[in-house]
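Enquirer: See structure-v3.cif below, with mmCIF, C-alpha atoms.
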```
data_data
loop_
_atom_site.label_atom_id
_atom_site.label_comp_id
_atom_site.auth_asym_id
_atom_site.auth_seq_id
_atom_site.Cartn_x
_atom_site.Cartn_y
_atom_site.Cartn_z
CA LYS A 1 12.91 123.97 99.27
CA ASN A 2 11.08 127.21 98.41
CA GLN A 3 13.20 130.20 99.28
CA VAL A 4 13.14 133.96 98.88
CA GLU A 5 16.39 135.88 99.34
CA GLN A 6 16.63 139.64 99.54
CA SER A 7 19.59 141.94 99.19
CA PRO A 8 21.02 144.02 100.61
CA GLN A 9 20.06 143.27 104.22
CA SER A 10 20.29 146.97 105.00
CA LEU A 11 20.81 150.15 103.04
CA ILE A 12 21.39 153.78 103.97
CA ILE A 13 20.88 156.53 101.39
CA LEU A 14 20.51 160.29 101.34
CA GLU A 15 17.10 161.84 101.01
CA GLY A 16 16.25 162.52 97.38
CA LYS A 17 18.38 159.71 96.00
CA ASN A 18 17.08 156.63 94.19
CA CYS A 19 17.67 153.04 95.28
CA THR A 20 16.95 149.49 94.14
CA LEU A 21 16.23 146.48 96.32
CA GLN A 22 16.64 142.94 95.05
CA CYS A 23 14.67 139.72 95.53
CA ASN A 24 15.64 136.27 94.20
CA TYR A 25 13.33 133.31 94.61
CA THR A 26 13.32 129.59 94.02
CA VAL A 27 9.60 129.11 94.61
CA SER A 28 7.69 126.67 92.43
CA PRO A 29 5.02 126.67 91.14
CA PHE A 30 4.98 130.44 91.09
CA SER A 31 1.68 132.28 91.48
CA ASN A 32 2.51 135.90 92.24
CA LEU A 33 5.13 138.15 93.84
CA ARG A 34 4.44 140.98 96.23
CA TRP A 35 6.41 143.77 97.83
CA TYR A 36 5.39 145.06 101.23
CA LYS A 37 6.57 148.06 103.25
CA GLN A 38 6.72 147.66 107.00
CA ASP A 39 7.30 150.60 109.31
CA THR A 40 8.89 149.78 112.67
CA GLY A 41 6.34 148.24 115.01
CA ARG A 42 3.56 148.29 112.42
CA GLY A 43 1.99 145.73 110.12
CA PRO A 44 3.18 145.35 106.51
CA VAL A 45 1.42 147.37 103.84
CA SER A 46 1.16 146.17 100.26
CA LEU A 47 3.06 148.14 97.60
CA THR A 48 2.72 145.97 94.49
CA ILE A 49 1.57 142.52 93.43
CA MET A 50 2.64 140.94 90.12
CA THR A 51 1.58 137.74 88.42
CA PHE A 52 3.71 135.59 86.14
CA SER A 53 2.71 137.56 83.04
CA GLU A 54 3.52 141.01 84.43
CA ASN A 55 7.06 142.35 84.33
CA THR A 56 6.58 145.79 85.86
CA LYS A 57 4.16 147.54 88.16
CA SER A 58 4.26 150.99 89.70
CA ASN A 59 2.76 152.54 92.80
CA GLY A 60 3.72 156.20 92.95
CA ARG A 61 7.47 156.44 93.48
CA TYR A 62 7.74 152.65 93.84
CA THR A 63 8.31 150.51 90.75
CA ALA A 64 8.63 146.75 90.92
CA THR A 65 9.99 144.58 88.13
CA LEU A 66 9.77 140.84 87.67
CA ASP A 67 11.86 138.52 85.50
CA ALA A 68 10.18 135.13 85.77
CA ASP A 69 12.88 133.46 83.67
CA THR A 70 15.70 134.36 86.04
CA LYS A 71 13.37 134.37 89.08
CA GLN A 72 14.40 137.84 90.11
CA SER A 73 12.46 140.90 91.17
CA SER A 74 13.54 144.39 92.08
CA LEU A 75 11.89 147.32 93.82
CA HIS A 76 13.05 150.74 92.68
CA ILE A 77 12.36 153.78 94.84
CA THR A 78 12.62 157.14 93.14
CA ALA A 79 13.45 160.43 94.87
CA SER A 80 13.50 158.89 98.34
CA GLN A 81 11.80 160.62 101.26
CA LEU A 82 12.36 160.30 105.01
CA SER A 83 9.05 158.43 105.24
CA ASP A 84 10.50 155.67 103.02
CA SER A 85 12.61 154.52 105.98
CA ALA A 86 11.20 151.06 106.67
CA SER A 87 11.71 147.38 106.00
CA TYR A 88 10.76 146.13 102.55
CA ILE A 89 9.65 142.54 102.31
CA CYS A 90 9.42 140.42 99.17
CA VAL A 91 6.78 137.70 99.32
CA VAL A 92 6.21 134.95 96.77
CA SER A 93 2.98 132.99 96.50
CA PHE A 94 3.01 129.43 95.24
CA GLY A 95 0.51 126.63 94.83
CA ASN A 96 -2.17 125.92 97.41
CA GLU A 97 -2.37 129.42 98.84
CA LYS A 98 1.03 129.35 100.51
CA LEU A 99 3.41 132.27 100.87
CA THR A 100 7.17 132.37 101.27
CA PHE A 101 8.61 135.50 102.83
CA GLY A 102 11.99 137.09 102.35
CA THR A 103 13.76 138.37 105.46
CA GLY A 104 13.53 141.94 104.20
CA THR A 105 15.77 144.90 103.45
CA ARG A 106 16.03 147.57 106.12
CA LEU A 107 16.14 150.97 104.35
CA THR A 108 17.21 154.12 106.17
CA ILE A 109 16.88 157.53 104.55
CA ILE A 110 19.04 160.25 106.05
CA PRO A 111 18.46 163.99 105.54
CA LYS B 1 -13.94 150.71 105.73
CA ALA B 2 -12.26 149.62 108.96
CA GLY B 3 -8.97 147.77 108.64
CA VAL B 4 -7.78 144.61 110.36
CA THR B 5 -7.89 145.02 114.12
CA GLN B 6 -5.69 143.06 116.48
CA THR B 7 -5.92 143.00 120.26
CA PRO B 8 -4.11 143.38 122.51
CA ARG B 9 -1.32 145.41 120.93
CA TYR B 10 1.19 144.62 123.64
CA LEU B 11 1.37 141.98 126.34
CA ILE B 12 3.87 140.51 128.72
CA LYS B 13 3.67 136.93 129.96
CA THR B 14 5.93 134.57 131.87
CA ARG B 15 7.15 131.16 130.79
CA GLY B 16 4.58 128.42 131.12
CA GLN B 17 1.58 130.72 130.82
CA GLN B 18 -0.77 130.76 127.88
CA VAL B 19 -1.97 133.65 125.74
CA THR B 20 -4.90 134.33 123.41
CA LEU B 21 -4.69 136.92 120.65
CA SER B 22 -7.66 138.26 118.73
CA CYS B 23 -8.08 139.42 115.14
CA SER B 24 -11.07 141.10 113.52
CA PRO B 25 -10.76 141.03 109.73
CA ILE B 26 -11.99 143.58 107.23
CA SER B 27 -15.73 143.29 106.79
CA GLY B 28 -16.56 140.73 104.10
CA HIS B 29 -13.18 138.98 104.24
CA ARG B 30 -13.53 135.28 104.97
CA SER B 31 -9.85 134.36 105.12
CA VAL B 32 -7.71 135.11 108.15
CA SER B 33 -4.07 134.07 108.35
CA TRP B 34 -1.60 134.39 111.20
CA TYR B 35 2.13 135.03 111.13
CA GLN B 36 4.98 135.19 113.62
CA GLN B 37 7.67 137.79 113.07
CA THR B 38 11.01 137.74 114.85
CA PRO B 39 14.23 139.64 114.04
CA GLY B 40 16.12 136.44 113.24
CA GLN B 41 13.49 134.50 111.28
CA GLY B 42 11.44 137.21 109.63
CA LEU B 43 7.78 136.50 108.90
CA GLN B 44 6.68 132.89 109.27
CA PHE B 45 3.27 131.49 108.43
CA LEU B 46 1.34 129.96 111.32
CA PHE B 47 -2.05 128.99 109.90
CA GLU B 48 -4.94 130.16 107.78
CA TYR B 49 -8.66 129.92 108.35
CA PHE B 50 -11.45 130.28 105.82
CA SER B 51 -15.11 130.11 106.81
CA GLU B 52 -14.25 128.61 110.20
CA THR B 53 -12.05 125.85 108.73
CA GLN B 54 -8.29 125.64 108.98
CA ARG B 55 -7.03 125.31 105.40
CA ASN B 56 -3.28 125.50 105.87
CA LYS B 57 -0.83 125.18 108.70
CA GLY B 58 2.81 126.15 109.00
CA ASN B 59 5.61 124.31 110.76
CA PHE B 60 4.90 125.27 114.34
CA PRO B 61 4.42 122.98 117.36
CA GLY B 62 0.99 122.03 118.60
CA ARG B 63 1.23 124.67 121.33
CA PHE B 64 0.14 127.11 118.66
CA SER B 65 -3.52 126.81 117.78
CA GLY B 66 -6.27 128.94 116.38
CA ARG B 67 -9.89 129.13 115.48
CA GLN B 68 -12.27 131.23 113.48
CA PHE B 69 -15.80 132.20 114.39
CA SER B 70 -18.86 132.50 112.19
CA ASN B 71 -18.37 136.28 111.94
CA SER B 72 -14.83 135.62 110.58
CA ARG B 73 -13.13 136.93 113.70
CA SER B 74 -10.20 134.75 114.64
CA GLU B 75 -8.20 133.93 117.72
CA MET B 76 -4.86 132.27 118.16
CA ASN B 77 -3.67 130.65 121.33
CA VAL B 78 -0.20 129.78 122.50
CA SER B 79 0.05 127.45 125.47
CA THR B 80 3.00 126.75 127.74
CA LEU B 81 4.84 129.85 126.61
CA GLU B 82 8.59 129.70 126.01
CA LEU B 83 11.10 132.55 125.84
CA GLY B 84 11.43 131.94 122.10
CA ASP B 85 7.75 132.75 121.59
CA SER B 86 8.52 136.44 122.10
CA ALA B 87 7.59 137.99 118.78
CA LEU B 88 5.26 140.23 116.85
CA TYR B 89 2.17 138.22 115.89
CA LEU B 90 0.46 139.51 112.79
CA CYS B 91 -2.89 138.63 111.41
CA ALA B 92 -3.98 139.33 107.85
CA SER B 93 -7.29 139.11 106.07
CA SER B 94 -8.29 138.70 102.46
CA PRO B 95 -11.48 137.90 100.57
CA THR B 96 -10.40 134.47 99.31
CA GLY B 97 -7.02 133.52 100.74
CA PRO B 98 -3.47 134.79 101.28
CA GLY B 99 -2.03 133.42 98.07
CA ALA B 100 -4.43 134.68 95.46
CA GLY B 101 -4.74 138.41 95.95
CA GLU B 102 -4.36 141.38 98.18
CA LEU B 103 -3.51 140.65 101.81
CA PHE B 104 -4.28 143.19 104.50
CA PHE B 105 -2.31 143.07 107.73
CA GLY B 106 -3.21 144.30 111.18
CA GLU B 107 -0.79 146.25 113.36
CA GLY B 108 0.18 143.15 115.29
CA SER B 109 0.29 141.97 118.87
CA ARG B 110 3.73 142.20 120.43
CA LEU B 111 4.24 139.39 122.91
CA THR B 112 7.09 139.42 125.38
CA VAL B 113 7.75 136.25 127.37
CA LEU B 114 9.83 136.65 130.53
#
```
Show this structure as structure tokens.

Expert:
Amino acid sequence: KNQVEQSPQSLIILEGKNCTLQCNYTVSPFSNLRWYKQDTGRGPVSLTIMTFSENTKSNGRYTATLDADTKQSSLHITASQLSDSASYICVVSFGNEKLTFGTGTRLTIIP
Amino acid sequence: KAGVTQTPRYLIKTRGQQVTLSCSPISGHRSVSWYQQTPGQGLQFLFEYFSETQRNKGNFPGRFSGRQFSNSRSEMNVSTLELGDSALYLCASSPTGPGAGELFFGEGSRLTVL
């Protein structure tokens, strides 16, 4: 069964600090992996999308890495800001246009 | 360029009623997909339409249905509502399909079933 697991479920850090969110997947055949940011009550917004051949991609203070051999991805947030408080969802695409969603990491930034 | 628009944003229904949600995709996008999001289950895929044809369907009962019009606008319908149908319903559009490239989500329709 295709699965995407994220850790931790929730995380609280001080403003200005860095953090790393994890995503492990067992999806096959793998097509691409995305990270989305979802503010409370809003729709998800894409941060990064990586194919099998890419192992890192950045979007401002967000950097995603992908290790296709170990089927792991991470999202690193640098110099966190209050506006980074949100849920971060890892999504893996596999054959035939299907997506498998992780349950997300709830990040809270405190001043 | 306007984003994905979903209406209504909020609605309250009672058990047994039916509901229709609407989604207008980004201009030029032919694929519209629908998702249910609940605190316990996260995001779950409902179905995807491309050029008025349903291409993929998730594991939801037949009470959940949808359609897409020639202008790519899409609707989803839930009949005989149950308490467990309370959720945020998200629609997303893309040029070719949800799996291949960028997926753009709307703000969602929050359904509460009493």

Enquirer: Please measure the separation of CA of Val113 in chain B and CA of Ser86 in chain B, giving the value in Å to one decimal.

Expert: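 Interatomic distance here is 5.3 Å.
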
Enquirer: Quick check on the file I pasted: which residues fall under the PyMOL selection byres ((chain A and resi 65-73) around 10)? Write them as a ChimeraX atom specification.

Expert: /A:4-6,21-27,30,32-35,48,50-58,63-64,74-76,90

Enquirer: Go through B:Leu114, B:Leu46, B:Leu11, B:Val32 and flag the residue nearest Leu81 in chain B, using all atoms listed in the file for the distances.

Expert: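 Nearest candidate to Leu81 in chain B out of B:Leu114, B:Leu46, B:Leu11, B:Val32: B:Leu114.
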
Enquirer: Using only C-alpha atoms, tabulate the residues of chain B lying at most 12 Å from any atom of chain A, each with its closest atom pair and that distance in Å to one decimal, by chain and increasing residue number, as a tab-separated table.

Expert:
```
residue	atom	partner	partner_atom	distance
B:Gly3	CA	A:Gly43	CA	11.2
B:Val4	CA	A:Gly43	CA	9.8
B:Thr5	CA	A:Gly43	CA	10.7
B:Gln6	CA	A:Gly43	CA	10.3
B:Arg9	CA	A:Gly41	CA	10.1
B:Tyr10	CA	A:Gly41	CA	10.7
B:Ser31	CA	A:Glu97	CA	10.9
B:Ser33	CA	A:Lys98	CA	10.5
B:Trp34	CA	A:Leu99	CA	11.7
B:Tyr35	CA	A:Phe101	CA	10.5
B:Gln36	CA	A:Phe101	CA	11.4
B:Gln37	CA	A:Thr103	CA	9.8
B:Thr38	CA	A:Thr103	CA	9.8
B:Pro39	CA	A:Thr103	CA	8.7
B:Gly40	CA	A:Thr103	CA	8.4
B:Gln41	CA	A:Thr103	CA	7.0
B:Gly42	CA	A:Thr103	CA	4.9
B:Leu43	CA	A:Phe101	CA	6.2
B:Gln44	CA	A:Phe101	CA	7.2
B:Phe45	CA	A:Leu99	CA	7.6
B:Leu46	CA	A:Lys98	CA	10.8
B:Phe47	CA	A:Lys98	CA	9.9
B:Glu48	CA	A:Glu97	CA	9.3
B:Tyr49	CA	A:Glu97	CA	11.4
B:Phe50	CA	A:Glu97	CA	11.5
B:Arg55	CA	A:Glu97	CA	9.0
B:Asn56	CA	A:Lys98	CA	7.9
B:Lys57	CA	A:Lys98	CA	9.4
B:Gly58	CA	A:Lys98	CA	9.2
B:Ala87	CA	A:Gly41	CA	11.0
B:Leu88	CA	A:Gly41	CA	8.3
B:Tyr89	CA	A:Gly43	CA	9.5
B:Leu90	CA	A:Gly43	CA	6.9
B:Cys91	CA	A:Gly43	CA	8.7
B:Ala92	CA	A:Gly43	CA	9.0
B:Ser94	CA	A:Glu97	CA	11.6
B:Thr96	CA	A:Glu97	CA	9.5
B:Gly97	CA	A:Glu97	CA	6.5
B:Pro98	CA	A:Glu97	CA	6.0
B:Gly99	CA	A:Glu97	CA	4.1
B:Ala100	CA	A:Glu97	CA	6.6
B:Gly101	CA	A:Ile49	CA	7.9
B:Glu102	CA	A:Ser46	CA	7.6
B:Leu103	CA	A:Ser46	CA	7.4
B:Phe104	CA	A:Val45	CA	7.1
B:Phe105	CA	A:Gly43	CA	5.6
B:Gly106	CA	A:Gly43	CA	5.5
B:Glu107	CA	A:Gly43	CA	4.3
B:Gly108	CA	A:Gly43	CA	6.1
B:Ser109	CA	A:Gly41	CA	9.5
B:Arg110	CA	A:Gly41	CA	8.5
```

Enquirer: Return as a tab-separated table the residues of range 1-33 of chain B lying at most 6 Å from range 70-80 of chain B, together with the closest atom-to-atom pair for each and the distance in Å to one decimal, counting all atoms listed in the file, with rows in chain order and ascending residue number.

Expert:
```
residue	atom	partner	partner_atom	distance
B:Gly16	CA	B:Thr80	CA	4.1
B:Gln17	CA	B:Thr80	CA	5.2
B:Gln18	CA	B:Ser79	CA	4.2
B:Val19	CA	B:Val78	CA	5.3
B:Thr20	CA	B:Asn77	CA	4.4
B:Leu21	CA	B:Met76	CA	5.3
B:Ser22	CA	B:Glu75	CA	4.5
B:Cys23	CA	B:Ser74	CA	5.2
B:Ser24	CA	B:Arg73	CA	4.7
B:Arg30	CA	B:Ser72	CA	5.8
```

Enquirer: Between CA of Thr53 in chain B and CA of His29 in chain B, what distance in Å does the model show, to one decimal?

Expert: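 The value is 13.9 Å.
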